[in-house]
>>> print(open('my_file-v1.cif').read())   # mmCIF, C-alpha atoms
data_query
#
loop_
_atom_site.label_atom_id
_atom_site.label_comp_id
_atom_site.auth_asym_id
_atom_site.auth_seq_id
_atom_site.Cartn_x
_atom_site.Cartn_y
_atom_site.Cartn_z
CA MET A 1 46.80 113.22 54.83
CA THR A 2 44.78 114.96 52.14
CA LEU A 3 43.78 117.60 54.65
CA VAL A 4 47.46 118.51 55.01
CA PHE A 5 47.82 118.92 51.24
CA ILE A 6 44.65 120.99 51.05
CA ARG A 7 45.88 123.27 53.81
CA ILE A 8 49.21 123.75 51.99
CA LEU A 9 47.35 124.48 48.75
CA LEU A 10 45.15 127.01 50.53
CA ARG A 11 48.21 128.82 51.89
CA TYR A 12 49.75 129.17 48.44
CA LEU A 13 46.44 130.16 46.86
CA ALA A 14 45.79 132.78 49.53
CA ALA A 15 49.32 134.16 49.13
CA ILE A 16 48.85 134.51 45.38
CA LEU A 17 45.49 136.25 45.79
CA VAL A 18 46.81 138.63 48.47
CA THR A 19 49.86 139.46 46.34
CA ARG A 20 47.67 140.31 43.35
CA GLY A 21 45.45 142.47 45.56
CA LEU A 22 42.35 140.35 45.12
CA LEU A 23 42.08 139.51 48.84
CA ALA A 24 42.73 141.53 51.96
CA PRO A 25 45.67 140.21 54.00
CA ASP A 26 43.40 139.37 56.96
CA LEU A 27 41.08 137.33 54.75
CA GLY A 28 44.00 135.48 53.18
CA GLU A 29 45.33 134.51 56.59
CA MET A 30 41.88 133.33 57.68
CA ILE A 31 41.52 131.15 54.58
CA SER A 32 44.96 129.56 54.92
CA ARG A 33 44.74 128.82 58.66
CA ASP A 34 41.09 127.96 59.26
CA PRO A 35 40.55 124.19 59.52
CA ASP A 36 36.83 124.63 58.75
CA VAL A 37 37.65 126.16 55.37
CA ALA A 38 40.05 123.30 54.63
CA MET A 39 37.40 120.75 55.62
CA ALA A 40 34.78 122.45 53.44
CA LEU A 41 37.19 122.43 50.51
CA GLN A 42 37.90 118.74 51.07
CA VAL A 43 34.18 117.90 51.07
CA ALA A 44 33.59 120.02 47.96
CA SER A 45 36.47 118.40 46.09
CA GLY A 46 35.20 114.93 47.04
CA ALA A 47 31.74 115.80 45.75
CA LEU A 48 33.20 117.17 42.52
CA ILE A 49 35.25 114.01 41.94
CA ALA A 50 32.22 111.82 42.63
CA ALA A 51 30.09 113.85 40.21
CA ALA A 52 32.77 113.57 37.51
CA ALA A 53 32.96 109.79 37.98
CA GLU A 54 29.18 109.42 37.75
CA GLY A 55 29.07 111.68 34.69
CA TRP A 56 31.76 109.61 33.00
CA TYR A 57 29.80 106.42 33.82
CA PHE A 58 26.65 107.94 32.30
CA LEU A 59 28.49 108.96 29.13
CA ALA A 60 30.13 105.53 28.83
CA HIS A 61 26.74 103.83 28.82
CA LYS A 62 25.14 106.42 26.55
CA PHE A 63 27.81 106.21 23.86
CA GLY A 64 28.55 102.50 24.20
CA TRP A 65 32.04 102.84 25.68
CA ALA A 66 31.20 100.34 28.44
CA LYS A 67 31.23 97.31 26.10
#
>>> encode(input="my_file-v1.cif", output="structure tokens")
Amino acid sequence: MTLVFIRILLRYLAAILVTRGLLAPDLGEMISRDPDVAMALQVASGALIAAAAEGWYFLAHKFGWAK
């Protein structure tokens, strides 16, 4: 289900970037329709969330928030 949301987000993001002239129309279409790009974004967002959780855990123990 999250892959569907990521694909929708990619379509809107690509449309914004093409409209502003930051991406070529062909590249915007490739980003919004390529399942490999959506999968890579899903893996990257999962890694980012995991890193944030581990960083928060580290800070909680360092500053005594875990008590």
>>> residues_around(input="my_file-v1.cif", residues="stretch 28-39 of chain A", least_positions_apart="6", cutoff="12 Å", atoms="all atoms listed in the file", output="JSON list (two decimals) with C-alpha atoms, in the frame of the given file")
[["chain", "number", "residue", "atom", "x", "y", "z"],
["A", 2, "THR", "CA", 44.78, 114.96, 52.14],
["A", 3, "LEU", "CA", 43.78, 117.60, 54.65],
["A", 4, "VAL", "CA", 47.46, 118.51, 55.01],
["A", 5, "PHE", "CA", 47.82, 118.92, 51.24],
["A", 6, "ILE", "CA", 44.65, 120.99, 51.05],
["A", 7, "ARG", "CA", 45.88, 123.27, 53.81],
["A", 8, "ILE", "CA", 49.21, 123.75, 51.99],
["A", 9, "LEU", "CA", 47.35, 124.48, 48.75],
["A", 10, "LEU", "CA", 45.15, 127.01, 50.53],
["A", 11, "ARG", "CA", 48.21, 128.82, 51.89],
["A", 12, "TYR", "CA", 49.75, 129.17, 48.44],
["A", 13, "LEU", "CA", 46.44, 130.16, 46.86],
["A", 14, "ALA", "CA", 45.79, 132.78, 49.53],
["A", 15, "ALA", "CA", 49.32, 134.16, 49.13],
["A", 16, "ILE", "CA", 48.85, 134.51, 45.38],
["A", 17, "LEU", "CA", 45.49, 136.25, 45.79],
["A", 18, "VAL", "CA", 46.81, 138.63, 48.47],
["A", 19, "THR", "CA", 49.86, 139.46, 46.34],
["A", 20, "ARG", "CA", 47.67, 140.31, 43.35],
["A", 21, "GLY", "CA", 45.45, 142.47, 45.56],
["A", 22, "LEU", "CA", 42.35, 140.35, 45.12],
["A", 45, "SER", "CA", 36.47, 118.40, 46.09],
["A", 46, "GLY", "CA", 35.20, 114.93, 47.04]]
>>> atom_distance(input="my_file-v1.cif", atom1="atom CA of A:Trp65", atom2="atom CA of A:Ala53")
14.2 Å
>>> atom_distance(input="my_file-v1.cif", atom1="atom CA of A:Ala24", atom2="atom CA of A:Leu48")
27.8 Å
